[in-house]
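*Asks:* Pasting final-v2.pdb here (PDB, C-alpha atoms):
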ATOM      1  CA  GLY A   1      81.610  78.056  77.201
ATOM      2  CA  GLU A   2      83.750  75.214  78.540
ATOM      3  CA  SER A   3      82.539  73.194  81.476
ATOM      4  CA  VAL A   4      84.627  73.340  84.589
ATOM      5  CA  GLY A   5      83.219  70.043  85.781
ATOM      6  CA  LEU A   6      81.010  67.690  83.815
ATOM      7  CA  HIS A   7      79.871  65.434  86.655
ATOM      8  CA  LEU A   8      79.692  67.714  89.645
ATOM      9  CA  PRO A   9      76.823  67.722  92.113
ATOM     10  CA  THR A  10      74.378  70.439  91.145
ATOM     11  CA  LEU A  11      72.290  72.731  93.289
ATOM     12  CA  SER A  12      69.396  74.505  91.596
ATOM     13  CA  VAL A  13      67.764  77.444  93.342
ATOM     14  CA  GLN A  14      65.185  80.050  92.411
ATOM     15  CA  GLU A  15      66.394  83.591  91.940
ATOM     16  CA  GLY A  16      65.990  85.442  95.205
ATOM     17  CA  ASP A  17      66.170  82.347  97.397
ATOM     18  CA  ASN A  18      69.083  81.561  99.686
ATOM     19  CA  SER A  19      71.648  78.949  98.632
ATOM     20  CA  ILE A  20      73.633  76.624 100.854
ATOM     21  CA  ILE A  21      76.642  74.828  99.405
ATOM     22  CA  ASN A  22      78.402  72.206 101.491
ATOM     23  CA  CYS A  23      81.927  70.872 101.700
ATOM     24  CA  ALA A  24      83.224  67.974 103.753
ATOM     25  CA  TYR A  25      86.927  68.250 104.410
ATOM     26  CA  SER A  26      89.253  65.400 105.151
ATOM     27  CA  ASN A  27      92.006  66.562 107.480
ATOM     28  CA  SER A  28      91.074  67.188 111.103
ATOM     29  CA  ALA A  29      94.258  69.232 111.426
ATOM     30  CA  SER A  30      93.185  71.717 108.746
ATOM     31  CA  ASP A  31      93.006  75.197 110.175
ATOM     32  CA  TYR A  32      92.395  77.502 107.221
ATOM     33  CA  PHE A  33      89.606  77.282 104.654
ATOM     34  CA  ILE A  34      88.709  79.214 101.521
ATOM     35  CA  TRP A  35      85.669  79.278  99.258
ATOM     36  CA  TYR A  36      86.193  79.995  95.565
ATOM     37  CA  LYS A  37      83.726  80.722  92.756
ATOM     38  CA  GLN A  38      84.568  79.602  89.234
ATOM     39  CA  GLU A  39      82.534  80.653  86.226
ATOM     40  CA  SER A  40      82.676  78.599  83.063
ATOM     41  CA  GLY A  41      85.994  78.972  81.232
ATOM     42  CA  LYS A  42      87.460  81.326  83.839
ATOM     43  CA  GLY A  43      89.845  81.148  86.758
ATOM     44  CA  PRO A  44      88.581  80.739  90.337
ATOM     45  CA  GLN A  45      87.741  83.879  92.300
ATOM     46  CA  PHE A  46      88.285  84.197  96.037
ATOM     47  CA  ILE A  47      84.978  84.641  97.887
ATOM     48  CA  ILE A  48      85.627  84.304 101.604
ATOM     49  CA  ASP A  49      87.922  82.537 104.032
ATOM     50  CA  ILE A  50      87.759  81.350 107.630
ATOM     51  CA  ARG A  51      90.266  80.138 110.196
ATOM     52  CA  SER A  52      89.640  77.299 112.598
ATOM     53  CA  ASN A  53      89.389  79.600 115.612
ATOM     54  CA  MET A  54      86.084  80.860 114.180
ATOM     55  CA  ASP A  55      82.728  79.152 113.563
ATOM     56  CA  LYS A  56      81.213  81.768 111.305
ATOM     57  CA  ARG A  57      82.302  84.610 109.087
ATOM     58  CA  GLN A  58      80.179  86.962 107.036
ATOM     59  CA  GLY A  59      80.861  88.894 103.889
ATOM     60  CA  GLN A  60      78.646  90.729 101.456
ATOM     61  CA  ARG A  61      75.682  88.372 100.854
ATOM     62  CA  VAL A  62      77.833  85.377 101.810
ATOM     63  CA  THR A  63      78.374  83.546 105.089
ATOM     64  CA  VAL A  64      80.760  80.686 105.767
ATOM     65  CA  LEU A  65      80.083  78.264 108.603
ATOM     66  CA  LEU A  66      82.660  75.871 109.993
ATOM     67  CA  ASN A  67      81.816  72.796 112.060
ATOM     68  CA  LYS A  68      85.089  71.261 113.150
ATOM     69  CA  THR A  69      83.401  68.444 115.028
ATOM     70  CA  VAL A  70      82.096  66.870 111.834
ATOM     71  CA  LYS A  71      84.669  68.432 109.497
ATOM     72  CA  HIS A  72      82.082  70.355 107.541
ATOM     73  CA  LEU A  73      82.161  73.715 105.834
ATOM     74  CA  SER A  74      79.241  75.503 104.241
ATOM     75  CA  LEU A  75      78.761  78.600 102.108
ATOM     76  CA  GLN A  76      75.489  80.451 102.337
ATOM     77  CA  ILE A  77      74.538  82.922  99.615
ATOM     78  CA  ALA A  78      71.668  85.259 100.421
ATOM     79  CA  ALA A  79      69.161  86.371  97.773
ATOM     80  CA  THR A  80      70.799  84.340  95.015
ATOM     81  CA  GLN A  81      71.145  86.147  91.695
ATOM     82  CA  PRO A  82      71.702  84.860  88.136
ATOM     83  CA  GLY A  83      75.291  86.086  88.338
ATOM     84  CA  ASP A  84      75.894  83.631  91.171
ATOM     85  CA  SER A  85      75.612  80.705  88.751
ATOM     86  CA  ALA A  86      79.022  79.005  88.823
ATOM     87  CA  VAL A  87      80.980  76.155  90.347
ATOM     88  CA  TYR A  88      81.877  76.702  93.996
ATOM     89  CA  PHE A  89      84.658  74.776  95.669
ATOM     90  CA  CYS A  90      86.365  74.785  99.016
ATOM     91  CA  ALA A  91      90.050  74.589  99.835
ATOM     92  CA  GLU A  92      91.607  73.462 103.118
ATOM     93  CA  ASN A  93      95.077  73.824 104.555
ATOM     94  CA  SER A  94      97.013  73.085 107.696
ATOM     95  CA  PHE A  95      99.820  75.484 108.412
ATOM     96  CA  ASN A  96     101.405  72.982 110.747
ATOM     97  CA  TYR A  97     101.979  70.496 107.965
ATOM     98  CA  GLY A  98     103.795  72.845 105.617
ATOM     99  CA  GLN A  99     101.803  71.629 102.664
ATOM    100  CA  ASN A 100      99.730  73.222  99.966
ATOM    101  CA  PHE A 101      95.960  73.580  99.926
ATOM    102  CA  VAL A 102      93.722  70.639  99.099
ATOM    103  CA  PHE A 103      90.878  71.581  96.776
ATOM    104  CA  GLY A 104      87.467  69.953  96.609
ATOM    105  CA  PRO A 105      85.876  69.135  93.223
ATOM    106  CA  GLY A 106      83.102  71.634  93.708
ATOM    107  CA  THR A 107      79.338  72.047  93.406
ATOM    108  CA  ARG A 108      77.619  73.627  90.439
ATOM    109  CA  LEU A 109      75.071  76.280  91.419
ATOM    110  CA  SER A 110      72.333  76.912  88.890
ATOM    111  CA  VAL A 111      70.032  79.886  89.465
ATOM    112  CA  LEU A 112      66.579  79.529  87.946
ATOM    113  CA  PRO A 113      64.669  82.636  86.785
TER     114      PRO A 113
ATOM    115  CA  ASP B   1      95.562  97.309  87.688
ATOM    116  CA  GLY B   2      97.098  94.437  89.687
ATOM    117  CA  GLY B   3      96.515  90.796  88.966
ATOM    118  CA  ILE B   4      97.614  87.573  87.384
ATOM    119  CA  THR B   5      97.672  87.095  83.647
ATOM    120  CA  GLN B   6      97.980  83.890  81.684
ATOM    121  CA  SER B   7      98.574  83.461  77.991
ATOM    122  CA  PRO B   8      97.491  82.206  75.642
ATOM    123  CA  LYS B   9      93.833  81.554  76.449
ATOM    124  CA  TYR B  10      93.871  78.523  74.123
ATOM    125  CA  LEU B  11      96.884  76.476  73.090
ATOM    126  CA  PHE B  12      97.143  73.622  70.646
ATOM    127  CA  ARG B  13      99.860  71.042  70.889
ATOM    128  CA  LYS B  14     100.982  68.605  68.238
ATOM    129  CA  GLU B  15     102.240  65.175  69.219
ATOM    130  CA  GLY B  16     105.873  65.258  70.301
ATOM    131  CA  GLN B  17     105.873  69.014  70.751
ATOM    132  CA  ASN B  18     106.792  70.970  73.863
ATOM    133  CA  VAL B  19     104.625  73.993  74.628
ATOM    134  CA  THR B  20     105.046  76.752  77.185
ATOM    135  CA  LEU B  21     102.268  78.460  79.131
ATOM    136  CA  SER B  22     102.903  81.941  80.426
ATOM    137  CA  CYS B  23     101.987  83.253  83.885
ATOM    138  CA  GLU B  24     102.761  86.780  85.071
ATOM    139  CA  GLN B  25     101.761  88.570  88.280
ATOM    140  CA  ASN B  26     102.229  92.146  89.436
ATOM    141  CA  LEU B  27     100.983  91.581  92.979
ATOM    142  CA  ASN B  28     104.522  91.352  94.403
ATOM    143  CA  HIS B  29     103.724  87.834  95.614
ATOM    144  CA  ASP B  30     106.590  85.541  96.550
ATOM    145  CA  ALA B  31     104.804  82.230  95.913
ATOM    146  CA  MET B  32     103.431  80.988  92.607
ATOM    147  CA  TYR B  33     101.682  77.764  91.636
ATOM    148  CA  TRP B  34     100.569  75.740  88.631
ATOM    149  CA  TYR B  35      97.467  73.561  88.750
ATOM    150  CA  ARG B  36      95.779  71.253  86.342
ATOM    151  CA  GLN B  37      91.978  71.073  86.287
ATOM    152  CA  ASP B  38      90.122  68.119  84.760
ATOM    153  CA  PRO B  39      86.340  67.713  84.649
ATOM    154  CA  GLY B  40      84.819  66.558  87.937
ATOM    155  CA  GLN B  41      88.093  66.767  89.869
ATOM    156  CA  GLY B  42      89.640  69.170  92.304
ATOM    157  CA  LEU B  43      92.670  71.205  91.318
ATOM    158  CA  ARG B  44      95.865  69.179  91.234
ATOM    159  CA  LEU B  45      99.200  70.796  91.951
ATOM    160  CA  ILE B  46     101.871  70.476  89.264
ATOM    161  CA  TYR B  47     104.677  72.697  90.562
ATOM    162  CA  TYR B  48     105.057  75.532  92.997
ATOM    163  CA  SER B  49     107.672  78.120  93.814
ATOM    164  CA  GLN B  50     108.061  79.805  97.173
ATOM    165  CA  ILE B  51     110.744  82.224  96.058
ATOM    166  CA  VAL B  52     112.726  83.264  92.997
ATOM    167  CA  ASN B  53     115.134  80.635  91.645
ATOM    168  CA  ASP B  54     113.494  77.876  93.661
ATOM    169  CA  PHE B  55     110.620  75.507  92.875
ATOM    170  CA  GLN B  56     109.256  72.152  94.042
ATOM    171  CA  LYS B  57     107.314  69.345  92.427
ATOM    172  CA  GLY B  58     103.687  69.001  93.246
ATOM    173  CA  ASP B  59     101.506  65.920  93.052
ATOM    174  CA  ILE B  60     101.580  65.490  89.272
ATOM    175  CA  ALA B  61     104.907  66.962  88.060
ATOM    176  CA  GLU B  62     105.799  64.226  85.581
ATOM    177  CA  GLY B  63     105.890  65.541  82.019
ATOM    178  CA  TYR B  64     106.054  69.186  83.119
ATOM    179  CA  SER B  65     108.858  71.641  83.835
ATOM    180  CA  VAL B  66     109.005  75.177  85.236
ATOM    181  CA  SER B  67     111.426  78.020  85.867
ATOM    182  CA  ARG B  68     111.350  80.987  88.239
ATOM    183  CA  GLU B  69     113.973  83.442  87.065
ATOM    184  CA  LYS B  70     111.919  86.505  87.998
ATOM    185  CA  LYS B  71     109.533  87.127  90.851
ATOM    186  CA  GLU B  72     106.786  88.131  88.441
ATOM    187  CA  SER B  73     106.976  85.171  86.089
ATOM    188  CA  PHE B  74     106.476  81.412  86.429
ATOM    189  CA  PRO B  75     106.201  79.733  82.999
ATOM    190  CA  LEU B  76     105.116  76.110  82.673
ATOM    191  CA  THR B  77     106.374  73.849  79.881
ATOM    192  CA  VAL B  78     104.290  70.845  78.945
ATOM    193  CA  THR B  79     106.759  68.391  77.455
ATOM    194  CA  SER B  80     106.194  65.563  75.007
ATOM    195  CA  ALA B  81     106.561  63.191  77.969
ATOM    196  CA  GLN B  82     103.134  64.296  79.233
ATOM    197  CA  LYS B  83     100.910  61.785  77.468
ATOM    198  CA  ASN B  84      97.566  63.255  78.463
ATOM    199  CA  PRO B  85      98.034  67.026  78.413
ATOM    200  CA  THR B  86      94.512  68.062  77.484
ATOM    201  CA  ALA B  87      93.244  70.086  80.463
ATOM    202  CA  PHE B  88      92.596  73.559  81.826
ATOM    203  CA  TYR B  89      95.767  74.959  83.393
ATOM    204  CA  LEU B  90      95.569  77.493  86.197
ATOM    205  CA  CYS B  91      98.323  79.646  87.614
ATOM    206  CA  ALA B  92      98.005  81.156  91.077
ATOM    207  CA  SER B  93     100.053  83.301  93.415
ATOM    208  CA  SER B  94     100.085  84.132  97.110
ATOM    209  CA  ARG B  95     101.974  86.621  99.229
ATOM    210  CA  LEU B  96     103.677  83.771 101.006
ATOM    211  CA  PHE B  97     103.402  79.989 100.723
ATOM    212  CA  GLN B  98     100.225  78.632 102.379
ATOM    213  CA  GLU B  99      98.502  82.005 102.316
ATOM    214  CA  THR B 100      95.442  82.836 100.250
ATOM    215  CA  GLN B 101      95.965  82.056  96.581
ATOM    216  CA  TYR B 102      94.658  84.192  93.745
ATOM    217  CA  PHE B 103      94.182  82.687  90.333
ATOM    218  CA  GLY B 104      94.747  83.729  86.757
ATOM    219  CA  PRO B 105      92.146  83.284  84.000
ATOM    220  CA  GLY B 106      93.549  79.925  82.843
ATOM    221  CA  THR B 107      94.867  78.370  79.636
ATOM    222  CA  ARG B 108      93.051  75.559  77.892
ATOM    223  CA  LEU B 109      95.467  73.133  76.240
ATOM    224  CA  LEU B 110      94.209  70.921  73.456
ATOM    225  CA  VAL B 111      96.025  68.228  71.520
ATOM    226  CA  LEU B 112      95.835  68.118  67.731
TER     227      LEU B 112
END
Kindly transcribe the structure held in the file into structure tokens.

*Replies:*
Amino acid sequence: GESVGLHLPTLSVQEGDNSIINCAYSNSASDYFIWYKQESGKGPQFIIDIRSNMDKRQGQRVTVLLNKTVKHLSLQIAATQPGDSAVYFCAENSFNYGQNFVFGPGTRLSVLP
Amino acid sequence: DGGITQSPKYLFRKEGQNVTLSCEQNLNHDAMYWYRQDPGQGLRLIYYSQIVNDFQKGDIAEGYSVSREKKESFPLTVTSAQKNPTAFYLCASSRLFQETQYFGPGTRLLVL
């Protein structure tokens, strides 16, 4: 299949381990964040979002953590499975600025058997 | 079955030719977007539309054109003025501008 990103940072984890994917965002005024998963040759899928009035949000097997002090967002995937192999990227937005989301380039997650 | 569809999955363009990429959504979303994705880069916004019959240029609109005659449809034309069109093109929609965006499956454009 086609590569979404040829020179992305890569995280390799063993099946069953937990994965942590990081994202540094640029705008201190950003107040809404989304994590997307993109498999090779496909469109991005929404995973989880978080607003700036929260530090943590949990979904099914995924947790997003937001540290506004250092402008850092992370996605934790519990018990990583082969189907989790994909590129993960974050998106940030500031409602006050009336602008569109800014998307990071992403991290490639590779799950080892 | 609600969602966003894009067609075709692959598109080949000859030099000097205009080509049109289709994007349709049945989510009743007001806002629609077109992005270009190149290897190792984040998504870059080409055009967006907040409402029918209105659209705005994004960061890289040169060489592209759009229309929004129906709420469900937001086609993108890659004109001959776009000198480096080879990329993966993604359409997205959201209920309102700045809300969560949902993406279509993408169209890969290749130049012959």

*Asks:* Can you tell me how far atom CA of Gln45 of chain A sits from atom CA of Leu75 of chain A, in Å to one decimal?

*Replies:* 14.3 Å

*Asks:* What's around Gly106 of chain B at 9 Å? Count all atoms listed in the file, leave out sequence neighbours fewer than 3 positions away in its own chain, and write the answer as a list in words.

*Replies:* Gly41, Lys42 and Gly43 of chain A; Thr5, Gln6, Ser7, Pro8, Lys9, Tyr10, Phe88, Tyr89, Leu90, Cys91 and Phe103 of chain B

*Asks:* Measuring between only C-alpha atoms, which one of A:Gly83, A:Pro113, A:Gly59, A:Pro9 shows the shortest distance to chain B?

*Replies:*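 That would be A:Pro9, the residue with the smallest distance to chain B.
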
*Asks:* Report the residues retrieved by the ChimeraX specification (/B :<12) & /A from the displayed file, expressed as an mmCIF file with C-alpha atoms, keeping the file's coordinate frame.

*Replies:*
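Produced file selection38.cif, reproduced below:
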data_model
loop_
_atom_site.group_PDB
_atom_site.id
_atom_site.type_symbol
_atom_site.label_atom_id
_atom_site.label_comp_id
_atom_site.auth_asym_id
_atom_site.auth_seq_id
_atom_site.Cartn_x
_atom_site.Cartn_y
_atom_site.Cartn_z
ATOM 1 C CA GLY A 1 81.610 78.056 77.201
ATOM 2 C CA GLU A 2 83.750 75.214 78.540
ATOM 3 C CA SER A 3 82.539 73.194 81.476
ATOM 4 C CA VAL A 4 84.627 73.340 84.589
ATOM 5 C CA GLY A 5 83.219 70.043 85.781
ATOM 6 C CA LEU A 6 81.010 67.690 83.815
ATOM 7 C CA HIS A 7 79.871 65.434 86.655
ATOM 8 C CA LEU A 8 79.692 67.714 89.645
ATOM 9 C CA PRO A 9 76.823 67.722 92.113
ATOM 10 C CA THR A 10 74.378 70.439 91.145
ATOM 11 C CA SER A 30 93.185 71.717 108.746
ATOM 12 C CA ASP A 31 93.006 75.197 110.175
ATOM 13 C CA TYR A 32 92.395 77.502 107.221
ATOM 14 C CA PHE A 33 89.606 77.282 104.654
ATOM 15 C CA ILE A 34 88.709 79.214 101.521
ATOM 16 C CA TRP A 35 85.669 79.278 99.258
ATOM 17 C CA TYR A 36 86.193 79.995 95.565
ATOM 18 C CA LYS A 37 83.726 80.722 92.756
ATOM 19 C CA GLN A 38 84.568 79.602 89.234
ATOM 20 C CA GLU A 39 82.534 80.653 86.226
ATOM 21 C CA SER A 40 82.676 78.599 83.063
ATOM 22 C CA GLY A 41 85.994 78.972 81.232
ATOM 23 C CA LYS A 42 87.460 81.326 83.839
ATOM 24 C CA GLY A 43 89.845 81.148 86.758
ATOM 25 C CA PRO A 44 88.581 80.739 90.337
ATOM 26 C CA GLN A 45 87.741 83.879 92.300
ATOM 27 C CA PHE A 46 88.285 84.197 96.037
ATOM 28 C CA ILE A 47 84.978 84.641 97.887
ATOM 29 C CA ILE A 48 85.627 84.304 101.604
ATOM 30 C CA ASP A 49 87.922 82.537 104.032
ATOM 31 C CA ILE A 50 87.759 81.350 107.630
ATOM 32 C CA ARG A 51 90.266 80.138 110.196
ATOM 33 C CA VAL A 87 80.980 76.155 90.347
ATOM 34 C CA TYR A 88 81.877 76.702 93.996
ATOM 35 C CA PHE A 89 84.658 74.776 95.669
ATOM 36 C CA CYS A 90 86.365 74.785 99.016
ATOM 37 C CA ALA A 91 90.050 74.589 99.835
ATOM 38 C CA GLU A 92 91.607 73.462 103.118
ATOM 39 C CA ASN A 93 95.077 73.824 104.555
ATOM 40 C CA SER A 94 97.013 73.085 107.696
ATOM 41 C CA PHE A 95 99.820 75.484 108.412
ATOM 42 C CA ASN A 96 101.405 72.982 110.747
ATOM 43 C CA TYR A 97 101.979 70.496 107.965
ATOM 44 C CA GLY A 98 103.795 72.845 105.617
ATOM 45 C CA GLN A 99 101.803 71.629 102.664
ATOM 46 C CA ASN A 100 99.730 73.222 99.966
ATOM 47 C CA PHE A 101 95.960 73.580 99.926
ATOM 48 C CA VAL A 102 93.722 70.639 99.099
ATOM 49 C CA PHE A 103 90.878 71.581 96.776
ATOM 50 C CA GLY A 104 87.467 69.953 96.609
ATOM 51 C CA PRO A 105 85.876 69.135 93.223
ATOM 52 C CA GLY A 106 83.102 71.634 93.708
ATOM 53 C CA THR A 107 79.338 72.047 93.406
ATOM 54 C CA ARG A 108 77.619 73.627 90.439
#

*Asks:* At a cut-off of 9 Å, using all atoms listed in the file, what residues contact segment 74-79 of chain B? Leave out same-chain residues fewer than 4 positions from it and give the result as a PyMOL selection string.

*Replies:* chain B and resi 16-25+32-34+47-49+63-70+83+85+91

*Asks:* Leaving out segment 61-68 of chain A and any residue of its chain fewer than 2 positions from it, which residues lie within 8 Å of it when counting all atoms listed in the file, given as a list in words?

*Replies:*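 With the cut-off at 8 Å, the set is Ser28, Ile48, Asp49, Ile50, Ser52, Met54, Asp55, Lys56, Arg57, Gln58, Gly59, Val70, Lys71, His72, Leu73, Ser74, Leu75, Gln76, Ile77, Ala78 and Ala79 of chain A.
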
*Asks:* With only C-alpha atoms as the basis for distance, which of A:Asn53, A:Gln60, A:Ser85, A:Tyr25 is at the shortest distance from Leu112 of chain A?

*Replies:*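 Residue with the minimum atom-to-atom distance to Leu112 of chain A: A:Ser85.
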
*Asks:* Report, in Å with one decimal, the straight-line distance from atom CA of Ser12 of chain A to atom CA of Ser110 of chain A.

*Replies:*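 That distance, rounded to one decimal, is 4.7 Å.
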
*Asks:* Select, from A:Ala24, A:Val111, A:Pro82, A:Ala29, the residue with the minimum atom-to-atom distance to Leu11 of chain A, counting only C-alpha atoms.

*Replies:*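 The closest residue to Leu11 of chain A is A:Val111.
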
*Asks:* Do you have the atom CA of Leu109 of chain A-atom CA of Asp59 of chain B distance handy?

*Replies:*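 It comes out at 28.4 Å.
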
*Asks:* For Ile46 of chain B, which of B:Gln82, B:Asn28, B:Ile4, B:Leu110 is the closest residue, counting all atoms listed in the file?

*Replies:*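 Looking only at the distances to Ile46 of chain B, the closest residue turns out to be B:Gln82.
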
*Asks:* Build an axis-aligned box that encloses every atom of segment 85-95 of chain B listed in the file, pad it by 3 Å on each side, and report its centre and edge lengths in Å to one decimal, as lines of an AutoDock Vina configuration file.

*Replies:*
center_x = 97.3
center_y = 76.8
center_z = 88.4
size_x = 15.4
size_y = 25.6
size_z = 27.7
